[in-house]
Amino acid sequence: MLRPFAFHYFLLALLCMWVLCKAQSEPGTSAIQLRLAGDKRKHYEGRVEVFYNGEWGTVCDDDFSIYAAQVVCRELGFVDAESWLPSAKYGQGEGRIWLDNVHCTGGEKSLAQCDSNGFGVSDCKHSEDVGVVCNQKRIPGFKFIRNQGSPGHDGFNVQVEDVRIRATYSHRKRIPITEGFLEVKDGGKWRQICSEEWTEMNTRVICGMYGFPGEKRFNRRKKNYWGFSVNCTGNEANLSDCKLGNDIDQKGNNTCGKGMPVVISCVPGRAFAPSVSVGFRKAYRVEQPLVRLRGGAMIGEGRVEVLKNGEWGTVCDDNWDLKAATVVCRELGFGSAKEALTGARLGQGIGPVHMNEVQCSGFEKSLTECHFNRESLGCSHEEDAAVRCNIPAMGFQNRLRLSGGRNPYEGRVQVLAERNGSLVWGTVCSDSWGTMEAMVVCRQLGLGFASHAFQETWYWEGDSSSDAVVMSGVRCSGTELTLDQCLHHGKHIDCPKGGGRFAAGVSCTQTAPDLVLNAQVVEQTTYLEDRPMYALQCAHEENCLSSSAYTADSTSYRRLLRFSSQIHNNGQSDFRPRAAHHSWVWHECHRHYHSMEVFTHYDLMSLNGTKVAEGHKASFCLEDSHCDEGIQKRYECANFGAQGITVGCWDTYRHDIDCQWIDITDVKPGDYIFRVVINPNYEVAESDFTNNVMTCSSRYDGQRIWTYNCRIGETIIS
């Protein structure tokens, strides 16, 4: 069976083919049809086009209003309109401009009922074509009545009640379902679609909508057919962009005279390879060589990044559309794109902007094969493009739940496990439970990012019959699709504390911060200082010196590798310490509180990865040192104020403050790797931990040090 939202999405697509519906006009009102077309990024937005007198045309933006947009959206089956856009924002249409100077009150059932100059009476150009953005929620029970406006169908209504993909017998126990009969409900009966005129391009579109990157042939004979064919070109992002094909010649018993029933057979991406009954077991690891997604809360979504000349960079959102987004999704093993996101909606990236004004046909194997403007400059990371892809219905959310929370986004973690031959709900041992494990839980449930991981949940008492521990020793890397893909003890439970109040819990959130170190600032501010021990007593108390300092004479000197760190929050929510005010630790010598005992790690390593010196920095003051233009500072440490880093702001630790160094007194001259890791213990959840690491090359001759080639997000050397 399909997930409810996937089923609804597919229903919308097949039943509303061009996102097109027949106006329910009153007597005396011309019958029209509407569709949303053009360079759109979502299925619920686009250029408004009208089918009238056997011809498609557009609507001029003169006098158009939000009330007219509401009429358009409701006529198309959406609950309301969000906005309207003038001046051909979705590209210029073709043919007639059917309506001009449209005046609606908002209560009309059809755009044809609104006052206007009359059909075909216009002094506009297509540069004035109007577009709308509808609320993506559908009107409950909306009937999709179709007049296709294609050859042989003028004035012909097509109405179906429901759509489904029914799994073939050999695939009924497989997860995900990759094969099934495509069926529509017509006149209260389920009918299959005849394969006459059915093409692989049609199958390609359907597989993409259900989260599969590829398709394969499959046919089988069956009676009772629907009387119409479907015609896709193959580069549509979803079936709503396809056209209704010719009528199917049926025999008296409704069989398909010249064909067989359409059976959709899809090829899943490697992360969703099916297996019998238990679904898939391998952890999700998308490590494509040229394209990757970063910063997304769910599987199959994120900021698009491409690899060029050994350096990862982003894609500018100029001309970014569903075709380009679909190429990315299929390349990464997902289906077609649900959304092509612009304006750094999933966070800002770092490094260069590698591609701009991307244009894809939809058939490219990789985004790097699409045309783009190599000369176009000036894009900033505020314009980073992102995608949301269709993924297969795996049923992950049915094997996990949150219990006892105040809202659906929090609670005690309970998993469905097999015990004594039956499936029972039980809790997870909280030993070693942390942010990475909580991230996997929230992702599996479709609730976004983890906000907190809890090792005590006595305040979330749920069903006492589900208190028994059924999973222990859980360790996740953060890339897993489900909690049972993480390392754990299996059937051999080991949980000394037991369940109940010590069961693991989580709270989830739709957005998360994303801290990124400014590598250029580190590289430009690195220098050496020889400082006497008597001036380092406070730093010594906070363990900011190497171990040899414990036996050093107070008159001796320590050699310190100093540098500044400028830490930006590029995410979608503020970075806040996990600990509340009352639990911050007071340090008398420095006369300040630590909101996080370890905020950053500093390491100097040999070229083979062995640590030769290390340091750390507690967050004695997380605040907004500076912010991007137009953003107000929210956090200031003065007077025991709230600590944090606002989105679009950065916190600067200057090179001349205590502990902003590595003690290299005992380091011999040579070539080294200098590494800085932000939030190293994952105390606070972030949308992307891969960019928390900076590595530099360093050369030390015993008197001077050179730091160069600093990079963010390189492979962590352990």
# chains A, B, ... in the order shown; residues from 1 in each chain; ligands from 1

$ residues_around --residues "range 325-338 of chain A" --least-positions-apart "2" --cutoff "9 Å" --atoms "only C-alpha atoms" --output "PyMOL selection string"
chain A and resi 41-43+205-214+235-238+268-272+286-288+291-293+300-301+304+320-323+340-341+360-367+370+385-392

$ write_last_selection --atoms "N, CA and C atoms" --output "compact mmCIF listing (two decimals), in the first residue's frame"
# COMPACT_ATOMS: atom_id res chain seq x y z
N ARG A 41 8.43 25.88 -10.22
CA ARG A 41 9.24 25.07 -9.32
C ARG A 41 8.41 24.13 -8.47
N LYS A 42 7.10 24.33 -8.46
CA LYS A 42 6.19 23.49 -7.69
C LYS A 42 4.94 23.23 -8.51
N HIS A 43 4.25 22.14 -8.18
CA HIS A 43 3.06 21.79 -8.97
C HIS A 43 1.89 22.72 -8.69
N VAL A 205 7.96 8.64 -15.78
CA VAL A 205 7.37 9.72 -14.98
C VAL A 205 6.74 9.16 -13.71
N ILE A 206 6.00 8.06 -13.82
CA ILE A 206 5.34 7.47 -12.65
C ILE A 206 6.36 6.97 -11.64
N CYS A 207 7.39 6.27 -12.11
CA CYS A 207 8.43 5.79 -11.20
C CYS A 207 9.09 6.96 -10.48
N GLY A 208 9.35 8.03 -11.21
CA GLY A 208 9.94 9.21 -10.58
C GLY A 208 9.08 9.79 -9.49
N MET A 209 7.77 9.81 -9.72
CA MET A 209 6.86 10.35 -8.72
C MET A 209 6.85 9.51 -7.46
N TYR A 210 7.12 8.22 -7.59
CA TYR A 210 7.11 7.33 -6.43
C TYR A 210 8.49 7.10 -5.85
N GLY A 211 9.45 7.93 -6.24
CA GLY A 211 10.75 7.90 -5.59
C GLY A 211 11.78 7.01 -6.22
N PHE A 212 11.55 6.54 -7.45
CA PHE A 212 12.48 5.63 -8.10
C PHE A 212 13.17 6.32 -9.27
N PRO A 213 14.49 6.18 -9.38
CA PRO A 213 15.21 6.88 -10.46
C PRO A 213 15.11 6.23 -11.82
N GLY A 214 14.74 4.93 -11.88
CA GLY A 214 14.72 4.23 -13.16
C GLY A 214 13.48 3.38 -13.32
N ASN A 235 10.34 13.80 -19.78
CA ASN A 235 11.12 14.74 -18.96
C ASN A 235 10.23 15.53 -18.01
N GLU A 236 8.94 15.13 -17.91
CA GLU A 236 8.07 15.77 -16.93
C GLU A 236 8.49 15.36 -15.52
N ALA A 237 8.39 16.31 -14.62
CA ALA A 237 8.72 16.02 -13.22
C ALA A 237 7.63 15.20 -12.56
N ASN A 238 6.42 15.30 -13.05
CA ASN A 238 5.33 14.48 -12.51
C ASN A 238 4.26 14.30 -13.57
N PRO A 268 14.71 0.80 -8.04
CA PRO A 268 14.98 1.69 -6.92
C PRO A 268 16.43 2.13 -6.87
N GLY A 269 16.68 3.23 -6.20
CA GLY A 269 18.05 3.64 -5.94
C GLY A 269 18.71 2.69 -4.96
N ARG A 270 20.02 2.72 -4.90
CA ARG A 270 20.74 1.71 -4.10
C ARG A 270 20.42 1.83 -2.61
N ALA A 271 20.02 3.01 -2.14
CA ALA A 271 19.68 3.15 -0.73
C ALA A 271 18.36 2.49 -0.39
N PHE A 272 17.54 2.19 -1.41
CA PHE A 272 16.21 1.64 -1.18
C PHE A 272 16.05 0.27 -1.82
N VAL A 286 24.72 8.29 0.62
CA VAL A 286 24.80 8.88 -0.72
C VAL A 286 26.14 9.58 -0.82
N GLU A 287 27.08 8.98 -1.50
CA GLU A 287 28.41 9.56 -1.69
C GLU A 287 28.69 9.60 -3.18
N GLN A 288 27.93 10.40 -3.88
CA GLN A 288 28.12 10.52 -5.32
C GLN A 288 29.39 11.33 -5.60
N VAL A 291 27.93 15.19 -7.32
CA VAL A 291 26.80 15.95 -6.78
C VAL A 291 26.42 15.38 -5.43
N ARG A 292 26.04 16.26 -4.50
CA ARG A 292 25.58 15.82 -3.19
C ARG A 292 24.55 16.81 -2.66
N LEU A 293 23.80 16.36 -1.63
CA LEU A 293 22.83 17.22 -0.95
C LEU A 293 23.30 17.46 0.48
N GLY A 300 16.44 12.76 0.89
CA GLY A 300 16.02 13.23 -0.42
C GLY A 300 15.80 14.71 -0.51
N GLU A 301 16.33 15.48 0.42
CA GLU A 301 16.23 16.93 0.30
C GLU A 301 17.52 17.56 0.77
N VAL A 304 21.94 21.80 -3.04
CA VAL A 304 22.67 21.10 -4.09
C VAL A 304 24.12 21.60 -4.12
N TRP A 320 16.60 28.13 -11.89
CA TRP A 320 16.49 26.80 -11.27
C TRP A 320 15.03 26.34 -11.34
N ASP A 321 14.79 25.14 -11.90
CA ASP A 321 13.42 24.66 -12.07
C ASP A 321 13.32 23.17 -11.79
N LEU A 322 12.10 22.64 -11.96
CA LEU A 322 11.84 21.24 -11.63
C LEU A 322 12.62 20.27 -12.51
N LYS A 323 12.89 20.65 -13.77
CA LYS A 323 13.67 19.75 -14.63
C LYS A 323 15.08 19.57 -14.10
N ALA A 340 11.72 22.50 -6.49
CA ALA A 340 13.02 23.12 -6.78
C ALA A 340 13.08 24.38 -5.94
N LEU A 341 13.89 24.37 -4.89
CA LEU A 341 13.91 25.44 -3.89
C LEU A 341 14.96 26.49 -4.24
N CYS A 360 18.39 22.23 -17.98
CA CYS A 360 18.42 20.78 -18.22
C CYS A 360 17.20 20.37 -19.04
N SER A 361 17.36 19.32 -19.82
CA SER A 361 16.22 18.76 -20.55
C SER A 361 15.44 17.80 -19.68
N GLY A 362 16.09 17.25 -18.66
CA GLY A 362 15.47 16.26 -17.80
C GLY A 362 15.99 14.86 -18.04
N PHE A 363 16.71 14.64 -19.15
CA PHE A 363 17.22 13.31 -19.48
C PHE A 363 18.70 13.14 -19.14
N GLU A 364 19.35 14.19 -18.68
CA GLU A 364 20.78 14.09 -18.35
C GLU A 364 21.00 13.11 -17.20
N LYS A 365 22.12 12.41 -17.24
CA LYS A 365 22.49 11.47 -16.18
C LYS A 365 23.03 12.19 -14.96
N SER A 366 23.54 13.39 -15.17
CA SER A 366 24.12 14.15 -14.07
C SER A 366 23.87 15.63 -14.29
N LEU A 367 23.76 16.37 -13.20
CA LEU A 367 23.59 17.82 -13.30
C LEU A 367 24.77 18.45 -14.04
N CYS A 370 24.25 19.25 -17.72
CA CYS A 370 23.32 20.30 -18.13
C CYS A 370 24.09 21.55 -18.57
N ALA A 385 20.69 27.03 -4.56
CA ALA A 385 19.55 26.20 -4.98
C ALA A 385 19.50 24.93 -4.14
N ALA A 386 18.29 24.40 -3.98
CA ALA A 386 18.09 23.17 -3.22
C ALA A 386 16.96 22.37 -3.87
N VAL A 387 16.78 21.12 -3.41
CA VAL A 387 15.74 20.25 -3.97
C VAL A 387 15.05 19.47 -2.85
N ARG A 388 13.82 19.06 -3.16
CA ARG A 388 13.12 18.04 -2.38
C ARG A 388 12.68 16.97 -3.37
N CYS A 389 13.11 15.74 -3.13
CA CYS A 389 12.87 14.64 -4.07
C CYS A 389 11.78 13.71 -3.57
N ASN A 390 11.14 13.02 -4.50
CA ASN A 390 10.25 11.93 -4.15
C ASN A 390 11.07 10.72 -3.74
N ILE A 391 10.67 10.07 -2.64
CA ILE A 391 11.34 8.86 -2.19
C ILE A 391 10.32 7.73 -2.07
N PRO A 392 10.77 6.48 -2.13
CA PRO A 392 9.82 5.36 -2.07
C PRO A 392 9.11 5.28 -0.72

$ residues_around --residues "range 310-318 of chain A" --least-positions-apart "4" --cutoff "8 Å" --atoms "only C-alpha atoms" --output "list in words"
Arg303, Val304, Glu305, Val306, Leu341, Thr342, Gly343, Gly349, Ile350, Gly351, Pro352, Val353, His354, Met355, Asn356, Glu357, Val358, Cys379, Ser380, His381, Glu383, Asp384 and Ala385 of chain A

$ closest_residue --among "A:Phe575, A:Phe689, A:Phe119, A:Tyr672" --to "Thr646 in chain A" --atoms "only C-alpha atoms"
A:Phe575

$ atom_distance --atom1 "CA of Met533 in chain A" --atom2 "CA of Leu560 in chain A"
11.4 Å

$ closest_residue --among "A:Val676, A:Leu481, A:Ala580, A:Cys637" --to "Val522 in chain A" --atoms "only C-alpha atoms"
A:Val676

$ closest_residue --among "A:Cys104, A:Val677, A:Leu36, A:Val79" --to "Phe64 in chain A" --atoms "only C-alpha atoms"
A:Cys104

$ residues_around --residues "range 396-411 of chain A" --least-positions-apart "4" --cutoff "8 Å" --atoms "only C-alpha atoms" --output "PyMOL selection string"
chain A and resi 415-416+441+444-447+457+460-463+482+505-509

$ write_last_selection --atoms "all heavy atoms" --output "compact mmCIF listing (two decimals), in the first residue's frame"
# COMPACT_ATOMS: atom_id res chain seq x y z
N VAL A 415 10.12 1.48 19.95
CA VAL A 415 10.33 0.77 18.69
C VAL A 415 9.52 -0.51 18.67
O VAL A 415 9.19 -1.08 19.72
CB VAL A 415 11.83 0.45 18.47
CG1 VAL A 415 12.65 1.71 18.37
CG2 VAL A 415 12.36 -0.44 19.60
N LEU A 416 9.18 -0.95 17.47
CA LEU A 416 8.44 -2.19 17.28
C LEU A 416 9.46 -3.31 17.09
O LEU A 416 10.25 -3.29 16.15
CB LEU A 416 7.52 -2.08 16.07
CG LEU A 416 6.42 -3.13 15.90
CD1 LEU A 416 5.47 -3.10 17.09
CD2 LEU A 416 5.65 -2.87 14.61
N VAL A 441 16.21 9.20 14.69
CA VAL A 441 14.81 9.01 15.09
C VAL A 441 13.91 10.06 14.44
O VAL A 441 12.87 9.75 13.85
CB VAL A 441 14.67 9.07 16.62
CG1 VAL A 441 13.20 9.17 17.03
CG2 VAL A 441 15.30 7.85 17.26
N GLN A 444 13.59 9.43 10.72
CA GLN A 444 12.77 8.26 10.42
C GLN A 444 11.28 8.57 10.55
O GLN A 444 10.46 8.06 9.78
CB GLN A 444 13.15 7.11 11.35
CG GLN A 444 12.36 5.82 11.10
CD GLN A 444 12.85 4.67 11.96
OE1 GLN A 444 13.89 4.75 12.61
NE2 GLN A 444 12.08 3.59 11.99
N LEU A 445 10.93 9.42 11.51
CA LEU A 445 9.54 9.77 11.74
C LEU A 445 9.07 10.92 10.85
O LEU A 445 7.91 11.30 10.91
CB LEU A 445 9.33 10.13 13.21
CG LEU A 445 9.42 8.97 14.20
CD1 LEU A 445 9.39 9.49 15.63
CD2 LEU A 445 8.30 7.97 13.97
N GLY A 446 9.99 11.48 10.05
CA GLY A 446 9.62 12.60 9.20
C GLY A 446 9.37 13.88 9.96
O GLY A 446 8.61 14.74 9.51
N LEU A 447 10.03 14.03 11.11
CA LEU A 447 9.81 15.19 11.98
C LEU A 447 10.93 16.22 11.90
O LEU A 447 10.95 17.17 12.68
CB LEU A 447 9.63 14.73 13.44
CG LEU A 447 8.44 13.80 13.70
CD1 LEU A 447 8.40 13.39 15.16
CD2 LEU A 447 7.14 14.48 13.30
N THR A 457 13.52 10.24 30.98
CA THR A 457 12.21 10.63 30.44
C THR A 457 11.09 10.34 31.44
O THR A 457 9.98 9.97 31.06
CB THR A 457 11.93 9.89 29.12
OG1 THR A 457 12.10 8.47 29.32
CG2 THR A 457 12.87 10.32 28.02
N TRP A 460 7.72 11.92 30.88
CA TRP A 460 6.95 11.51 29.71
C TRP A 460 6.41 10.10 29.91
O TRP A 460 6.68 9.20 29.12
CB TRP A 460 7.80 11.55 28.44
CG TRP A 460 8.06 12.92 27.93
CD1 TRP A 460 7.32 14.03 28.13
CD2 TRP A 460 9.16 13.32 27.09
NE1 TRP A 460 7.87 15.11 27.49
CE2 TRP A 460 9.00 14.70 26.84
CE3 TRP A 460 10.25 12.67 26.54
CZ2 TRP A 460 9.89 15.42 26.06
CZ3 TRP A 460 11.13 13.38 25.76
CH2 TRP A 460 10.96 14.75 25.52
N GLU A 461 5.67 9.89 30.93
CA GLU A 461 5.15 8.56 31.19
C GLU A 461 4.10 8.21 30.15
O GLU A 461 3.15 8.96 29.93
CB GLU A 461 4.54 8.49 32.59
CG GLU A 461 5.59 8.56 33.70
CD GLU A 461 4.98 8.26 35.05
OE1 GLU A 461 3.86 7.71 35.07
OE2 GLU A 461 5.62 8.57 36.06
N GLY A 462 4.29 7.09 29.52
CA GLY A 462 3.36 6.64 28.50
C GLY A 462 2.70 5.35 28.92
O GLY A 462 2.42 5.11 30.11
N ASP A 463 2.45 4.49 27.96
CA ASP A 463 1.84 3.20 28.21
C ASP A 463 2.82 2.31 28.97
O ASP A 463 3.89 1.97 28.46
CB ASP A 463 1.44 2.56 26.88
CG ASP A 463 0.70 1.25 27.06
OD1 ASP A 463 0.51 0.82 28.21
OD2 ASP A 463 0.32 0.65 26.04
N THR A 482 17.05 4.41 9.41
CA THR A 482 16.24 3.93 10.52
C THR A 482 17.12 3.63 11.71
O THR A 482 18.33 3.38 11.58
CB THR A 482 15.46 2.66 10.14
OG1 THR A 482 16.40 1.60 9.87
CG2 THR A 482 14.60 2.87 8.93
N GLY A 505 14.75 9.43 24.97
CA GLY A 505 13.72 10.31 24.43
C GLY A 505 14.31 11.34 23.49
O GLY A 505 15.53 11.55 23.45
N VAL A 506 13.47 11.99 22.71
CA VAL A 506 13.92 13.01 21.75
C VAL A 506 12.89 14.14 21.69
O VAL A 506 11.72 13.96 22.03
CB VAL A 506 14.11 12.45 20.32
CG1 VAL A 506 15.13 11.34 20.30
CG2 VAL A 506 12.79 12.00 19.73
N SER A 507 13.35 15.28 21.24
CA SER A 507 12.46 16.33 20.75
C SER A 507 12.98 16.74 19.38
O SER A 507 14.19 16.80 19.16
CB SER A 507 12.42 17.53 21.70
OG SER A 507 13.69 18.13 21.82
N CYS A 508 12.06 16.98 18.47
CA CYS A 508 12.42 17.25 17.08
C CYS A 508 12.00 18.66 16.68
O CYS A 508 11.13 19.27 17.30
CB CYS A 508 11.75 16.23 16.14
SG CYS A 508 12.07 14.49 16.56
N THR A 509 12.60 19.16 15.61
CA THR A 509 12.30 20.49 15.11
C THR A 509 12.46 20.51 13.60
O THR A 509 13.22 19.71 13.04
CB THR A 509 13.22 21.53 15.77
OG1 THR A 509 12.93 22.83 15.24
CG2 THR A 509 14.68 21.23 15.49

$ select_by_dssp --residues "range 538-679 of chain A" --states "strand (DSSP E or B)" --output "ChimeraX atom specification"
/A:557-562,565-569,575,585-587,592-594,600-605,611-617,626-627,645,649-653,661-663,670-678

$ write_last_selection --atoms "N, CA and C atoms" --output "compact mmCIF listing (two decimals), in the first residue's frame"
# COMPACT_ATOMS: atom_id res chain seq x y z
N TYR A 557 58.60 29.48 29.98
CA TYR A 557 57.71 30.01 28.94
C TYR A 557 57.04 28.85 28.19
N ARG A 558 55.83 29.14 27.70
CA ARG A 558 55.12 28.20 26.84
C ARG A 558 55.00 28.82 25.45
N ARG A 559 55.21 28.01 24.42
CA ARG A 559 55.06 28.50 23.05
C ARG A 559 53.64 28.20 22.58
N LEU A 560 52.91 29.24 22.21
CA LEU A 560 51.49 29.13 21.87
C LEU A 560 51.26 29.47 20.39
N LEU A 561 50.56 28.58 19.71
CA LEU A 561 50.11 28.83 18.34
C LEU A 561 48.75 29.53 18.45
N ARG A 562 48.76 30.83 18.22
CA ARG A 562 47.55 31.64 18.40
C ARG A 562 46.86 31.91 17.06
N SER A 565 39.22 32.91 15.61
CA SER A 565 38.19 32.08 14.98
C SER A 565 36.91 32.88 14.85
N GLN A 566 36.35 32.87 13.65
CA GLN A 566 35.11 33.57 13.36
C GLN A 566 34.10 32.51 12.92
N ILE A 567 33.09 32.30 13.75
CA ILE A 567 32.18 31.18 13.55
C ILE A 567 30.81 31.71 13.14
N HIS A 568 30.40 31.36 11.92
CA HIS A 568 29.14 31.84 11.35
C HIS A 568 28.03 30.81 11.55
N ASN A 569 26.81 31.31 11.71
CA ASN A 569 25.63 30.44 11.71
C ASN A 569 24.92 30.58 10.37
N PHE A 575 21.76 29.08 17.03
CA PHE A 575 22.55 28.09 17.77
C PHE A 575 22.49 28.48 19.24
N VAL A 585 28.58 26.46 34.24
CA VAL A 585 29.66 26.28 35.22
C VAL A 585 30.43 27.60 35.38
N TRP A 586 30.57 28.03 36.63
CA TRP A 586 31.29 29.27 36.95
C TRP A 586 32.78 28.99 37.11
N HIS A 587 33.62 29.81 36.46
CA HIS A 587 35.07 29.71 36.61
C HIS A 587 35.58 30.99 37.26
N HIS A 592 33.90 34.05 34.69
CA HIS A 592 32.84 33.92 33.70
C HIS A 592 32.23 32.52 33.76
N TYR A 593 31.06 32.36 33.13
CA TYR A 593 30.38 31.08 33.05
C TYR A 593 30.74 30.37 31.75
N HIS A 594 30.73 29.04 31.81
CA HIS A 594 30.86 28.23 30.60
C HIS A 594 29.49 27.63 30.28
N THR A 600 34.96 24.03 21.00
CA THR A 600 35.82 23.73 19.85
C THR A 600 37.03 22.91 20.30
N HIS A 601 37.51 22.08 19.41
CA HIS A 601 38.77 21.34 19.59
C HIS A 601 39.80 21.90 18.63
N TYR A 602 41.03 22.06 19.12
CA TYR A 602 42.15 22.48 18.27
C TYR A 602 43.20 21.38 18.31
N ASP A 603 43.66 20.93 17.17
CA ASP A 603 44.64 19.84 17.11
C ASP A 603 45.74 20.17 16.12
N LEU A 604 46.95 19.79 16.47
CA LEU A 604 48.07 19.79 15.54
C LEU A 604 48.48 18.34 15.38
N MET A 605 48.50 17.86 14.14
CA MET A 605 48.71 16.45 13.89
C MET A 605 49.84 16.25 12.88
N LYS A 611 48.08 12.90 16.71
CA LYS A 611 48.08 14.17 17.41
C LYS A 611 49.42 14.41 18.09
N VAL A 612 49.95 15.59 17.87
CA VAL A 612 51.20 15.96 18.54
C VAL A 612 50.96 17.09 19.54
N ALA A 613 49.85 17.79 19.41
CA ALA A 613 49.46 18.84 20.35
C ALA A 613 47.98 19.10 20.18
N GLU A 614 47.34 19.52 21.28
CA GLU A 614 45.92 19.76 21.19
C GLU A 614 45.50 20.86 22.15
N GLY A 615 44.34 21.43 21.88
CA GLY A 615 43.76 22.44 22.74
C GLY A 615 42.26 22.36 22.64
N HIS A 616 41.58 23.14 23.47
CA HIS A 616 40.13 23.19 23.39
C HIS A 616 39.66 24.55 23.88
N LYS A 617 38.44 24.89 23.51
CA LYS A 617 37.89 26.17 23.90
C LYS A 617 36.49 25.96 24.44
N HIS A 626 29.02 40.15 15.23
CA HIS A 626 28.59 40.95 14.08
C HIS A 626 27.51 40.17 13.34
N CYS A 627 26.72 40.87 12.55
CA CYS A 627 25.64 40.24 11.78
C CYS A 627 25.63 40.79 10.36
N ILE A 645 24.14 32.14 18.89
CA ILE A 645 24.54 32.79 17.64
C ILE A 645 23.32 32.81 16.73
N CYS A 649 24.50 35.69 11.70
CA CYS A 649 25.48 36.39 12.54
C CYS A 649 26.68 35.49 12.78
N TRP A 650 27.73 36.06 13.39
CA TRP A 650 28.91 35.27 13.72
C TRP A 650 29.50 35.71 15.04
N ASP A 651 30.16 34.75 15.67
CA ASP A 651 30.83 34.98 16.95
C ASP A 651 32.33 34.92 16.71
N THR A 652 33.05 35.93 17.15
CA THR A 652 34.49 36.01 16.94
C THR A 652 35.24 35.83 18.26
N TYR A 653 36.10 34.83 18.29
CA TYR A 653 37.05 34.66 19.40
C TYR A 653 38.40 35.18 18.91
N TRP A 661 44.30 29.07 21.48
CA TRP A 661 45.63 28.65 21.03
C TRP A 661 45.79 27.14 21.10
N ILE A 662 46.93 26.67 20.59
CA ILE A 662 47.43 25.33 20.85
C ILE A 662 48.82 25.48 21.46
N ASP A 663 49.04 24.79 22.58
CA ASP A 663 50.36 24.81 23.23
C ASP A 663 51.28 23.86 22.45
N GLY A 670 58.76 20.75 11.70
CA GLY A 670 58.30 19.82 10.68
C GLY A 670 57.02 20.29 10.03
N ASP A 671 56.45 19.42 9.17
CA ASP A 671 55.18 19.70 8.49
C ASP A 671 54.05 19.02 9.25
N TYR A 672 52.96 19.75 9.42
CA TYR A 672 51.85 19.25 10.24
C TYR A 672 50.51 19.60 9.59
N ILE A 673 49.46 19.02 10.18
CA ILE A 673 48.08 19.35 9.83
C ILE A 673 47.46 20.05 11.02
N PHE A 674 46.94 21.23 10.79
CA PHE A 674 46.26 22.00 11.82
C PHE A 674 44.76 21.83 11.63
N ARG A 675 44.06 21.40 12.69
CA ARG A 675 42.63 21.11 12.57
C ARG A 675 41.83 21.81 13.67
N VAL A 676 40.69 22.36 13.28
CA VAL A 676 39.74 22.95 14.22
C VAL A 676 38.39 22.26 14.01
N VAL A 677 37.77 21.82 15.10
CA VAL A 677 36.46 21.17 15.03
C VAL A 677 35.49 21.93 15.94
N ILE A 678 34.40 22.42 15.38
CA ILE A 678 33.37 23.12 16.13
C ILE A 678 32.33 22.11 16.63

$ select_by_dssp --residues "range 389-558 of chain A" --states "alpha helix (DSSP H)" --output "ChimeraX atom specification"
/A:435-444,519-525,537-541

$ closest_residue --among "A:Glu94, A:Asp514, A:Glu215, A:Asp80" --to "Thr690 in chain A" --atoms "only C-alpha atoms"
A:Asp514

$ closest_residue --among "A:Glu523, A:Asp431, A:Glu49, A:Asp530" --to "His126 in chain A" --atoms "only C-alpha atoms"
A:Glu49

$ closest_residue --among "A:Arg576, A:Lys216, A:Arg634, A:Lys308" --to "Met201 in chain A" --atoms "only C-alpha atoms"
A:Lys216

$ atom_distance --atom1 "CA of Glu588 in chain A" --atom2 "CA of Ser547 in chain A"
21.9 Å

$ residues_around --residues "Pro669 in chain A" --least-positions-apart "6" --cutoff "9 Å" --atoms "only C-alpha atoms" --output "ChimeraX atom specification"
/A:699-703

$ write_last_selection --atoms "N, CA and C atoms" --output "PDB file, in the first residue's frame"
ATOM      1  N   ARG A 699      53.642  24.486   8.493  1.00  0.00           N
ATOM      2  CA  ARG A 699      55.082  24.206   8.515  1.00  0.00           C
ATOM      3  C   ARG A 699      55.716  25.008   9.653  1.00  0.00           C
ATOM      4  N   TYR A 700      56.408  24.285  10.533  1.00  0.00           N
ATOM      5  CA  TYR A 700      57.024  24.887  11.722  1.00  0.00           C
ATOM      6  C   TYR A 700      58.533  24.642  11.657  1.00  0.00           C
ATOM      7  N   ASP A 701      59.307  25.748  11.724  1.00  0.00           N
ATOM      8  CA  ASP A 701      60.766  25.602  11.631  1.00  0.00           C
ATOM      9  C   ASP A 701      61.461  25.768  12.977  1.00  0.00           C
ATOM     10  N   GLY A 702      60.686  25.790  14.042  1.00  0.00           N
ATOM     11  CA  GLY A 702      61.251  25.962  15.383  1.00  0.00           C
ATOM     12  C   GLY A 702      61.162  27.392  15.884  1.00  0.00           C
ATOM     13  N   GLN A 703      60.997  28.339  14.968  1.00  0.00           N
ATOM     14  CA  GLN A 703      60.885  29.752  15.347  1.00  0.00           C
ATOM     15  C   GLN A 703      59.648  30.406  14.742  1.00  0.00           C
TER      16      GLN A 703
END
